[in-house]
file data.json (JSON, C-alpha atoms)
[["chain", "number", "residue", "atom", "x", "y", "z"],
["A", 10, "MET", "CA", 199.04, 179.12, 198.31],
["A", 11, "SER", "CA", 199.50, 180.96, 194.99],
["A", 12, "THR", "CA", 202.72, 182.77, 194.15],
["A", 13, "VAL", "CA", 200.99, 186.17, 194.34],
["A", 14, "THR", "CA", 199.56, 185.42, 197.79],
["A", 15, "HIS", "CA", 202.90, 184.08, 199.00],
["A", 16, "ASP", "CA", 204.74, 187.17, 197.76],
["A", 17, "LEU", "CA", 202.17, 189.46, 199.38],
["A", 18, "ALA", "CA", 202.44, 187.61, 202.71],
["A", 19, "HIS", "CA", 206.26, 187.67, 202.63],
["A", 20, "ASP", "CA", 206.56, 191.30, 201.54],
["A", 21, "GLY", "CA", 203.74, 192.41, 203.82],
["A", 22, "THR", "CA", 205.50, 190.84, 206.82],
["A", 23, "ALA", "CA", 208.68, 192.70, 205.93],
["A", 24, "MET", "CA", 206.79, 196.00, 205.65],
["A", 25, "LEU", "CA", 205.02, 195.24, 208.94],
["A", 26, "GLY", "CA", 208.42, 194.88, 210.62],
["A", 27, "ARG", "CA", 209.48, 198.21, 209.14],
["A", 28, "GLN", "CA", 206.41, 199.97, 210.52],
["A", 29, "LEU", "CA", 206.82, 198.47, 213.99],
["A", 30, "GLN", "CA", 210.50, 199.52, 214.02],
["A", 31, "ARG", "CA", 209.41, 202.99, 213.01],
["A", 32, "LEU", "CA", 207.07, 203.18, 215.99],
["A", 33, "ARG", "CA", 209.79, 201.85, 218.27],
["A", 34, "ASN", "CA", 212.06, 204.67, 217.16],
["A", 35, "ASN", "CA", 209.35, 207.24, 217.91],
["A", 36, "PRO", "CA", 208.25, 206.42, 221.47],
["A", 37, "GLY", "CA", 206.72, 209.87, 222.02],
["A", 38, "LEU", "CA", 204.11, 209.28, 219.33],
["A", 39, "LEU", "CA", 203.43, 205.80, 220.65],
["A", 40, "ILE", "CA", 202.93, 207.06, 224.21],
["A", 41, "LEU", "CA", 200.64, 209.86, 223.00],
["A", 42, "THR", "CA", 198.42, 207.52, 221.00],
["A", 43, "GLN", "CA", 198.17, 205.13, 223.94],
["A", 44, "THR", "CA", 197.43, 207.71, 226.63],
["A", 45, "MET", "CA", 195.11, 210.05, 224.73],
["A", 46, "PRO", "CA", 192.05, 207.74, 224.89],
["A", 47, "VAL", "CA", 192.53, 207.29, 228.63],
["A", 48, "THR", "CA", 192.79, 211.06, 229.09],
["A", 49, "MET", "CA", 189.62, 211.58, 227.07],
["A", 50, "LEU", "CA", 187.80, 208.96, 229.13],
["A", 51, "LEU", "CA", 188.67, 210.70, 232.38],
["A", 52, "PHE", "CA", 187.85, 214.15, 231.00],
["A", 53, "PHE", "CA", 184.58, 213.31, 229.25],
["A", 54, "GLY", "CA", 183.50, 210.87, 231.94],
["A", 55, "TYR", "CA", 183.83, 213.28, 234.83],
["A", 56, "VAL", "CA", 183.22, 216.65, 233.15],
["A", 57, "PHE", "CA", 180.42, 215.72, 230.74],
["A", 58, "GLY", "CA", 179.03, 213.11, 233.10],
["A", 59, "SER", "CA", 178.29, 215.77, 235.67],
["A", 60, "ALA", "CA", 176.35, 217.85, 233.12],
["A", 61, "LEU", "CA", 174.09, 215.12, 231.68],
["A", 62, "ALA", "CA", 170.97, 213.52, 233.03],
["A", 63, "MET", "CA", 172.78, 210.21, 233.41],
["A", 64, "PRO", "CA", 174.55, 209.77, 236.76],
["A", 65, "GLY", "CA", 178.34, 209.89, 236.51],
["A", 66, "GLU", "CA", 179.04, 206.16, 236.70],
["A", 67, "GLU", "CA", 176.16, 205.32, 234.36],
["A", 68, "TYR", "CA", 177.41, 207.84, 231.82],
["A", 69, "ARG", "CA", 180.95, 206.46, 232.01],
["A", 70, "ALA", "CA", 179.58, 202.98, 231.30],
["A", 71, "PHE", "CA", 177.74, 204.49, 228.31],
["A", 72, "LEU", "CA", 180.84, 206.44, 227.24],
["A", 73, "VAL", "CA", 183.49, 203.68, 227.20],
["A", 74, "PRO", "CA", 182.20, 201.91, 224.04],
["A", 75, "GLY", "CA", 181.78, 205.28, 222.33],
["A", 76, "LEU", "CA", 185.34, 206.32, 223.10],
["A", 77, "LEU", "CA", 186.63, 202.94, 221.95],
["A", 78, "VAL", "CA", 184.99, 203.50, 218.57],
["A", 79, "ALA", "CA", 186.04, 207.16, 218.39],
["A", 80, "THR", "CA", 189.63, 206.01, 218.99],
["A", 81, "ALA", "CA", 189.26, 203.35, 216.30],
["A", 82, "ALA", "CA", 188.04, 206.03, 213.89],
["A", 83, "ASN", "CA", 191.33, 207.85, 214.49],
["A", 84, "GLY", "CA", 192.88, 205.21, 212.24],
["A", 85, "LEU", "CA", 191.87, 207.64, 209.50],
["A", 86, "MET", "CA", 194.11, 210.34, 211.00],
["A", 87, "THR", "CA", 197.11, 208.16, 211.84],
["A", 88, "GLY", "CA", 196.97, 206.31, 208.53],
["A", 89, "MET", "CA", 196.80, 209.59, 206.64],
["A", 90, "PHE", "CA", 199.68, 211.22, 208.49],
["A", 91, "GLN", "CA", 202.06, 208.26, 208.24],
["A", 92, "ALA", "CA", 201.37, 207.71, 204.53],
["A", 93, "ALA", "CA", 201.77, 211.42, 203.78],
["A", 94, "GLN", "CA", 204.96, 211.57, 205.84],
["A", 95, "ASP", "CA", 206.55, 208.69, 203.94],
["A", 96, "THR", "CA", 205.47, 210.17, 200.62],
["A", 97, "HIS", "CA", 206.63, 213.69, 201.45],
["A", 98, "ARG", "CA", 210.06, 212.48, 202.59],
["A", 99, "GLY", "CA", 210.61, 210.29, 199.55],
["A", 100, "VAL", "CA", 210.43, 207.00, 201.46],
["A", 101, "THR", "CA", 207.49, 205.79, 199.40],
["A", 102, "ASP", "CA", 209.34, 206.44, 196.15],
["A", 103, "ARG", "CA", 212.32, 204.41, 197.38],
["A", 104, "LEU", "CA", 210.08, 201.56, 198.50],
["A", 105, "ARG", "CA", 208.35, 201.60, 195.14],
["A", 106, "THR", "CA", 211.64, 200.82, 193.39],
["A", 107, "LEU", "CA", 212.05, 197.59, 195.39],
["A", 108, "PRO", "CA", 210.84, 194.26, 193.98],
["A", 109, "VAL", "CA", 207.96, 193.94, 196.45],
["A", 110, "SER", "CA", 204.23, 193.52, 196.04],
["A", 111, "ARG", "CA", 202.47, 196.83, 195.46],
["A", 112, "ALA", "CA", 199.94, 195.99, 198.17],
["A", 113, "ALA", "CA", 202.61, 195.08, 200.74],
["A", 114, "VAL", "CA", 203.54, 198.61, 201.85],
["A", 115, "PRO", "CA", 200.03, 199.91, 202.64],
["A", 116, "LEU", "CA", 199.11, 196.50, 204.06],
["A", 117, "GLY", "CA", 202.12, 196.55, 206.39],
["A", 118, "GLN", "CA", 201.14, 200.00, 207.64],
["A", 119, "ALA", "CA", 197.52, 198.96, 208.24],
["A", 120, "VAL", "CA", 198.44, 195.75, 210.09],
["A", 121, "ALA", "CA", 201.07, 197.51, 212.25],
["A", 122, "ASP", "CA", 198.47, 200.11, 213.22],
["A", 123, "LEU", "CA", 196.05, 197.30, 214.08],
["A", 124, "LEU", "CA", 198.56, 195.60, 216.39],
["A", 125, "VAL", "CA", 199.34, 198.85, 218.20],
["A", 126, "THR", "CA", 195.61, 199.54, 218.59],
["A", 127, "ALA", "CA", 195.01, 196.06, 220.02],
["A", 128, "ALA", "CA", 197.79, 196.58, 222.57],
["A", 129, "GLY", "CA", 196.33, 199.97, 223.51],
["A", 130, "LEU", "CA", 192.96, 198.43, 224.35],
["A", 131, "VAL", "CA", 194.38, 196.84, 227.51],
["A", 132, "PRO", "CA", 195.21, 200.00, 229.51],
["A", 133, "PHE", "CA", 192.08, 201.73, 228.26],
["A", 134, "LEU", "CA", 189.78, 198.91, 229.36],
["A", 135, "LEU", "CA", 191.52, 198.69, 232.73],
["A", 136, "VAL", "CA", 190.89, 202.39, 233.33],
["A", 137, "GLY", "CA", 187.31, 201.88, 232.16],
["A", 138, "LEU", "CA", 186.84, 199.18, 234.77],
["A", 139, "ALA", "CA", 188.34, 201.49, 237.39],
["A", 140, "VAL", "CA", 185.81, 204.27, 236.66],
["A", 141, "GLY", "CA", 182.77, 202.00, 236.77],
["A", 142, "TRP", "CA", 182.38, 200.42, 233.33],
["A", 143, "ARG", "CA", 181.62, 196.70, 233.25],
["A", 144, "MET", "CA", 181.19, 194.01, 230.59],
["A", 145, "GLU", "CA", 177.61, 193.03, 231.42],
["A", 146, "GLY", "CA", 177.15, 190.70, 228.44],
["A", 147, "SER", "CA", 178.54, 187.27, 227.65],
["A", 148, "ALA", "CA", 182.19, 186.44, 227.00],
["A", 149, "PRO", "CA", 181.52, 185.58, 223.32],
["A", 150, "GLY", "CA", 179.69, 188.89, 222.97],
["A", 151, "ALA", "CA", 182.63, 190.79, 224.45],
["A", 152, "ALA", "CA", 185.06, 188.96, 222.15],
["A", 153, "GLY", "CA", 182.84, 189.83, 219.20],
["A", 154, "ALA", "CA", 182.82, 193.48, 220.27],
["A", 155, "VAL", "CA", 186.63, 193.62, 220.34],
["A", 156, "GLY", "CA", 186.85, 191.90, 216.96],
["A", 157, "LEU", "CA", 184.34, 194.32, 215.44],
["A", 158, "LEU", "CA", 186.22, 197.27, 216.91],
["A", 159, "LEU", "CA", 189.52, 196.12, 215.39],
["A", 160, "LEU", "CA", 187.86, 195.48, 212.02],
["A", 161, "PHE", "CA", 186.54, 199.05, 212.04],
["A", 162, "ARG", "CA", 190.00, 200.39, 212.91],
["A", 163, "PHE", "CA", 191.49, 198.38, 210.04],
["A", 164, "ALA", "CA", 188.93, 199.85, 207.63],
["A", 165, "THR", "CA", 189.47, 203.45, 208.72],
["A", 166, "THR", "CA", 193.24, 203.04, 208.47],
["A", 167, "TRP", "CA", 192.90, 202.18, 204.79],
["A", 168, "ILE", "CA", 190.89, 205.37, 204.27],
["A", 169, "GLY", "CA", 193.71, 207.30, 205.91],
["A", 170, "VAL", "CA", 196.42, 205.57, 203.86],
["A", 171, "PHE", "CA", 194.64, 206.48, 200.62],
["A", 172, "LEU", "CA", 194.14, 210.12, 201.67],
["A", 173, "GLY", "CA", 197.74, 210.36, 202.85],
["A", 174, "LEU", "CA", 199.04, 209.08, 199.52],
["A", 175, "LEU", "CA", 196.70, 211.53, 197.81],
["A", 176, "THR", "CA", 197.78, 214.62, 199.76],
["A", 177, "ARG", "CA", 201.53, 213.75, 199.69],
["A", 178, "ASN", "CA", 202.19, 216.46, 202.28],
["A", 179, "GLU", "CA", 202.70, 216.13, 206.05],
["A", 180, "GLU", "CA", 201.30, 219.55, 206.90],
["A", 181, "ALA", "CA", 198.20, 219.14, 204.75],
["A", 182, "ALA", "CA", 197.60, 215.66, 206.15],
["A", 183, "GLY", "CA", 197.97, 216.96, 209.70],
["A", 184, "GLN", "CA", 195.44, 219.73, 209.10],
["A", 185, "LEU", "CA", 192.98, 217.45, 207.34],
["A", 186, "GLY", "CA", 193.46, 214.74, 209.96],
["A", 187, "GLY", "CA", 192.78, 217.22, 212.75],
["A", 188, "ALA", "CA", 189.42, 218.00, 211.18],
["A", 189, "THR", "CA", 188.34, 214.38, 211.63],
["A", 190, "PHE", "CA", 187.67, 215.04, 215.34],
["A", 191, "ILE", "CA", 184.20, 216.19, 214.30],
["A", 192, "LEU", "CA", 183.19, 212.72, 213.10],
["A", 193, "PRO", "CA", 182.58, 211.24, 216.58],
["A", 194, "LEU", "CA", 180.69, 214.41, 217.55],
["A", 195, "LEU", "CA", 178.22, 213.70, 214.73],
["A", 196, "SER", "CA", 177.41, 210.28, 216.17],
["A", 197, "ASN", "CA", 176.12, 208.62, 219.32],
["A", 198, "ALA", "CA", 179.62, 208.07, 220.71],
["A", 199, "TYR", "CA", 179.26, 210.71, 223.44],
["A", 200, "ILE", "CA", 175.53, 211.35, 223.76],
["A", 201, "PRO", "CA", 172.32, 209.52, 222.77],
["A", 202, "THR", "CA", 170.85, 210.65, 219.46],
["A", 203, "GLU", "CA", 167.20, 210.46, 220.53],
["A", 204, "GLY", "CA", 167.09, 214.11, 221.56],
["A", 205, "LEU", "CA", 168.68, 215.50, 218.39],
["A", 206, "PRO", "CA", 166.66, 217.36, 215.74],
["A", 207, "GLY", "CA", 165.28, 215.04, 213.05],
["A", 208, "TRP", "CA", 167.76, 215.84, 210.27],
["A", 209, "LEU", "CA", 170.75, 215.81, 212.62],
["A", 210, "ARG", "CA", 169.66, 212.52, 214.15],
["A", 211, "THR", "CA", 169.49, 211.00, 210.67],
["A", 212, "VAL", "CA", 173.01, 212.22, 209.87],
["A", 213, "ALA", "CA", 174.34, 210.90, 213.18],
["A", 214, "GLU", "CA", 172.70, 207.49, 212.84],
["A", 215, "TRP", "CA", 174.02, 206.95, 209.32],
["A", 216, "ASN", "CA", 177.51, 207.77, 210.56],
["A", 217, "PRO", "CA", 179.42, 204.43, 210.69],
["A", 218, "ILE", "CA", 180.68, 205.36, 214.15],
["A", 219, "SER", "CA", 177.11, 205.22, 215.48],
["A", 220, "ALA", "CA", 176.50, 201.71, 214.17],
["A", 221, "VAL", "CA", 179.76, 200.36, 215.62],
["A", 222, "THR", "CA", 179.22, 202.16, 218.93],
["A", 223, "THR", "CA", 175.70, 200.75, 219.27],
["A", 224, "ALA", "CA", 177.00, 197.28, 218.41],
["A", 225, "LEU", "CA", 179.66, 197.50, 221.14],
["A", 226, "ARG", "CA", 177.16, 198.72, 223.73],
["A", 227, "ASP", "CA", 174.86, 195.85, 222.82],
["A", 228, "LEU", "CA", 177.57, 193.17, 222.77],
["A", 229, "PHE", "CA", 179.13, 194.42, 226.02],
["A", 230, "GLY", "CA", 175.66, 194.61, 227.58],
["A", 231, "ASN", "CA", 176.00, 198.30, 228.41],
["A", 232, "ALA", "CA", 172.91, 199.69, 226.67],
["A", 233, "PRO", "CA", 170.02, 198.31, 224.61],
["A", 234, "VAL", "CA", 169.61, 199.02, 220.91],
["A", 235, "PRO", "CA", 167.52, 202.22, 220.60],
["A", 236, "GLU", "CA", 164.08, 201.95, 219.09],
["A", 237, "GLY", "CA", 163.05, 203.84, 215.97],
["A", 238, "ALA", "CA", 166.63, 204.40, 214.82],
["A", 239, "ALA", "CA", 167.97, 204.24, 211.26],
["A", 240, "TRP", "CA", 168.74, 200.76, 209.91],
["A", 241, "PRO", "CA", 172.49, 200.66, 210.73],
["A", 242, "VAL", "CA", 171.77, 201.56, 214.38],
["A", 243, "ALA", "CA", 168.62, 199.44, 214.66],
["A", 244, "HIS", "CA", 170.64, 196.42, 213.42],
["A", 245, "PRO", "CA", 174.06, 197.47, 214.76],
["A", 246, "VAL", "CA", 176.14, 194.33, 214.26],
["A", 247, "ALA", "CA", 174.92, 193.80, 210.71],
["A", 248, "GLY", "CA", 175.16, 197.53, 210.01],
["A", 249, "SER", "CA", 178.73, 197.66, 211.31],
["A", 250, "LEU", "CA", 179.82, 194.70, 209.21],
["A", 251, "VAL", "CA", 178.22, 196.22, 206.11],
["A", 252, "TRP", "CA", 179.96, 199.55, 206.72],
["A", 253, "CYS", "CA", 183.34, 197.86, 207.24],
["A", 254, "ALA", "CA", 182.90, 195.73, 204.13],
["A", 255, "VAL", "CA", 181.99, 198.76, 202.02],
["A", 256, "LEU", "CA", 184.89, 200.85, 203.32],
["A", 257, "LEU", "CA", 187.41, 198.07, 202.73],
["A", 258, "ALA", "CA", 186.00, 197.26, 199.28],
["A", 259, "VAL", "CA", 186.34, 200.90, 198.24],
["A", 260, "PHE", "CA", 189.55, 202.09, 199.90],
["A", 261, "VAL", "CA", 191.84, 199.05, 199.78],
["A", 262, "PRO", "CA", 191.92, 199.04, 195.94],
["A", 263, "LEU", "CA", 192.13, 202.86, 195.86],
["A", 264, "ALA", "CA", 195.09, 202.91, 198.27],
["A", 265, "VAL", "CA", 196.96, 200.12, 196.47],
["A", 266, "ARG", "CA", 196.36, 201.73, 193.08],
["A", 267, "ARG", "CA", 197.46, 205.13, 194.33],
["A", 268, "TYR", "CA", 200.62, 203.67, 195.86],
["A", 269, "ALA", "CA", 201.45, 201.84, 192.63],
["A", 270, "ARG", "CA", 200.89, 204.92, 190.48],
["A", 271, "GLY", "CA", 203.05, 207.29, 192.49],
["A", 272, "GLU", "CA", 202.91, 210.88, 191.36],
["A", 273, "GLY", "CA", 201.39, 209.80, 188.09]]

call {"tool": "encode", "arguments": {"input": "data.json", "output": "structure tokens"}}
result
Amino acid sequence: MSTVTHDLAHDGTAMLGRQLQRLRNNPGLLILTQTMPVTMLLFFGYVFGSALAMPGEEYRAFLVPGLLVATAANGLMTGMFQAAQDTHRGVTDRLRTLPVSRAAVPLGQAVADLLVTAAGLVPFLLVGLAVGWRMEGSAPGAAGAVGLLLLFRFATTWIGVFLGLLTRNEEAAGQLGGATFILPLLSNAYIPTEGLPGWLRTVAEWNPISAVTTALRDLFGNAPVPEGAAWPVAHPVAGSLVWCAVLLAVFVPLAVRRYARGEG
């Protein structure tokens, strides 16, 4: 292991511990982030399910993968708010004066968020099972679905970290993060895209959330891949991996560079 890699691993572990301690000291936020997806599942599953052509239980089976991905996409919001909060309160400036790897601080935040997300999957999936959702596919497929979901969360968190470092303001980050709720609405997370107008269907199917959602439905065995869809949805696993690779390749260097530069 090279010296740079060793330093990054050591410093990143230290920053990971800091982020986890931060969450421990703010249990209200932790409880909210863990219970919100469950609340949305119950609300959407029983309210929307009664208004769609799909029977209630069938819609809830369709909805669970979509909500999992919509929750993963919230990494953008949480990453943005935490990075902006640290920057606004001067914590980032103090961390920048320490002899630690420049990538360690954003990496620690992203990994801590990933661990919390992984833990939050357990209660969500248990509630999903209680309302009628089932893993109809193979065990390797289900494991692949969870891995893909966490990879997508990791990628969106890096987007949020970069935007949070860019805004440098808690209030602005909160307002901008709140606007991200529209992203799952412009996808197939909640409803099929087949009935949408042509241009809107194209927008929805090129949304990364649609590719990941379709991949999860396919891997869990909940719904087949739709025919005649755009390439990322027609080849959902490959499309999801490409989207994640592109997002990480773009936003990891941007976030690290922005952190290293500070206000300059």

call {"tool": "closest_residue", "arguments": {"input": "data.json", "among": "A:Val120, A:Val242, A:Leu76, A:Leu51", "to": "Gln28 in chain A", "atoms": "only C-alpha atoms"}}
result
A:Val120

call {"tool": "closest_residue", "arguments": {"input": "data.json", "among": "A:Leu160, A:Pro233, A:Ala112, A:Ala182", "to": "Pro201 in chain A", "atoms": "all atoms listed in the file"}}
result
A:Pro233

call {"tool": "closest_atom_pairs", "arguments": {"input": "data.json", "of": "range 36-154 of chain A", "to": "range 165-171 of chain A", "cutoff": "6 Å", "atoms": "all atoms listed in the file", "output": "CSV"}}
result
residue,atom,partner,partner_atom,distance
A:Ala82,CA,A:Thr165,CA,6.0
A:Gly84,CA,A:Thr166,CA,4.4
A:Leu85,CA,A:Gly169,CA,4.0
A:Met86,CA,A:Gly169,CA,5.9
A:Gly88,CA,A:Gly169,CA,4.3
A:Met89,CA,A:Gly169,CA,3.9
A:Ala92,CA,A:Val170,CA,5.4
A:Ala119,CA,A:Thr166,CA,5.9

call {"tool": "closest_residue", "arguments": {"input": "data.json", "among": "A:Leu195, A:Leu228, A:Ala18, A:Val100", "to": "Trp215 in chain A", "atoms": "only C-alpha atoms"}}
result
A:Leu195

call {"tool": "closest_residue", "arguments": {"input": "data.json", "among": "A:Leu29, A:Val56, A:Leu17, A:Ala232", "to": "Met144 in chain A", "atoms": "all atoms listed in the file"}}
result
A:Ala232

call {"tool": "build_atoms", "arguments": {"input": "data.json", "residues": "range 74-88 of chain A", "atoms": "N, CA and C atoms", "output": "PDB file, in the coordinates of the input"}}
result
ATOM      1  N   PRO A  74     182.267 202.434 225.420  1.00  0.00           N
ATOM      2  CA  PRO A  74     182.200 201.910 224.040  1.00  0.00           C
ATOM      3  C   PRO A  74     182.306 203.020 222.997  1.00  0.00           C
ATOM      4  N   GLY A  75     181.702 204.182 223.286  1.00  0.00           N
ATOM      5  CA  GLY A  75     181.780 205.280 222.330  1.00  0.00           C
ATOM      6  C   GLY A  75     183.202 205.773 222.137  1.00  0.00           C
ATOM      7  N   LEU A  76     183.950 205.880 223.224  1.00  0.00           N
ATOM      8  CA  LEU A  76     185.340 206.320 223.100  1.00  0.00           C
ATOM      9  C   LEU A  76     186.199 205.268 222.417  1.00  0.00           C
ATOM     10  N   LEU A  77     185.906 203.996 222.659  1.00  0.00           N
ATOM     11  CA  LEU A  77     186.630 202.940 221.950  1.00  0.00           C
ATOM     12  C   LEU A  77     186.470 203.102 220.444  1.00  0.00           C
ATOM     13  N   VAL A  78     185.250 203.371 220.010  1.00  0.00           N
ATOM     14  CA  VAL A  78     184.990 203.500 218.570  1.00  0.00           C
ATOM     15  C   VAL A  78     185.559 204.812 218.035  1.00  0.00           C
ATOM     16  N   ALA A  79     185.459 205.894 218.814  1.00  0.00           N
ATOM     17  CA  ALA A  79     186.040 207.160 218.390  1.00  0.00           C
ATOM     18  C   ALA A  79     187.555 207.020 218.210  1.00  0.00           C
ATOM     19  N   THR A  80     188.188 206.265 219.110  1.00  0.00           N
ATOM     20  CA  THR A  80     189.630 206.010 218.990  1.00  0.00           C
ATOM     21  C   THR A  80     189.923 205.163 217.756  1.00  0.00           C
ATOM     22  N   ALA A  81     189.071 204.174 217.502  1.00  0.00           N
ATOM     23  CA  ALA A  81     189.260 203.350 216.300  1.00  0.00           C
ATOM     24  C   ALA A  81     189.130 204.194 215.040  1.00  0.00           C
ATOM     25  N   ALA A  82     188.213 205.154 215.058  1.00  0.00           N
ATOM     26  CA  ALA A  82     188.040 206.030 213.890  1.00  0.00           C
ATOM     27  C   ALA A  82     189.269 206.893 213.648  1.00  0.00           C
ATOM     28  N   ASN A  83     190.101 207.078 214.670  1.00  0.00           N
ATOM     29  CA  ASN A  83     191.330 207.850 214.490  1.00  0.00           C
ATOM     30  C   ASN A  83     192.346 207.135 213.609  1.00  0.00           C
ATOM     31  N   GLY A  84     192.050 205.879 213.238  1.00  0.00           N
ATOM     32  CA  GLY A  84     192.880 205.210 212.240  1.00  0.00           C
ATOM     33  C   GLY A  84     192.947 206.022 210.958  1.00  0.00           C
ATOM     34  N   LEU A  85     191.891 206.763 210.678  1.00  0.00           N
ATOM     35  CA  LEU A  85     191.870 207.640 209.500  1.00  0.00           C
ATOM     36  C   LEU A  85     192.985 208.680 209.618  1.00  0.00           C
ATOM     37  N   MET A  86     193.117 209.290 210.800  1.00  0.00           N
ATOM     38  CA  MET A  86     194.110 210.340 211.000  1.00  0.00           C
ATOM     39  C   MET A  86     195.527 209.778 211.004  1.00  0.00           C
ATOM     40  N   THR A  87     195.766 208.713 211.770  1.00  0.00           N
ATOM     41  CA  THR A  87     197.110 208.160 211.840  1.00  0.00           C
ATOM     42  C   THR A  87     197.548 207.566 210.512  1.00  0.00           C
ATOM     43  N   GLY A  88     196.628 206.876 209.841  1.00  0.00           N
ATOM     44  CA  GLY A  88     196.970 206.310 208.530  1.00  0.00           C
ATOM     45  C   GLY A  88     197.317 207.397 207.531  1.00  0.00           C
TER      46      GLY A  88
END
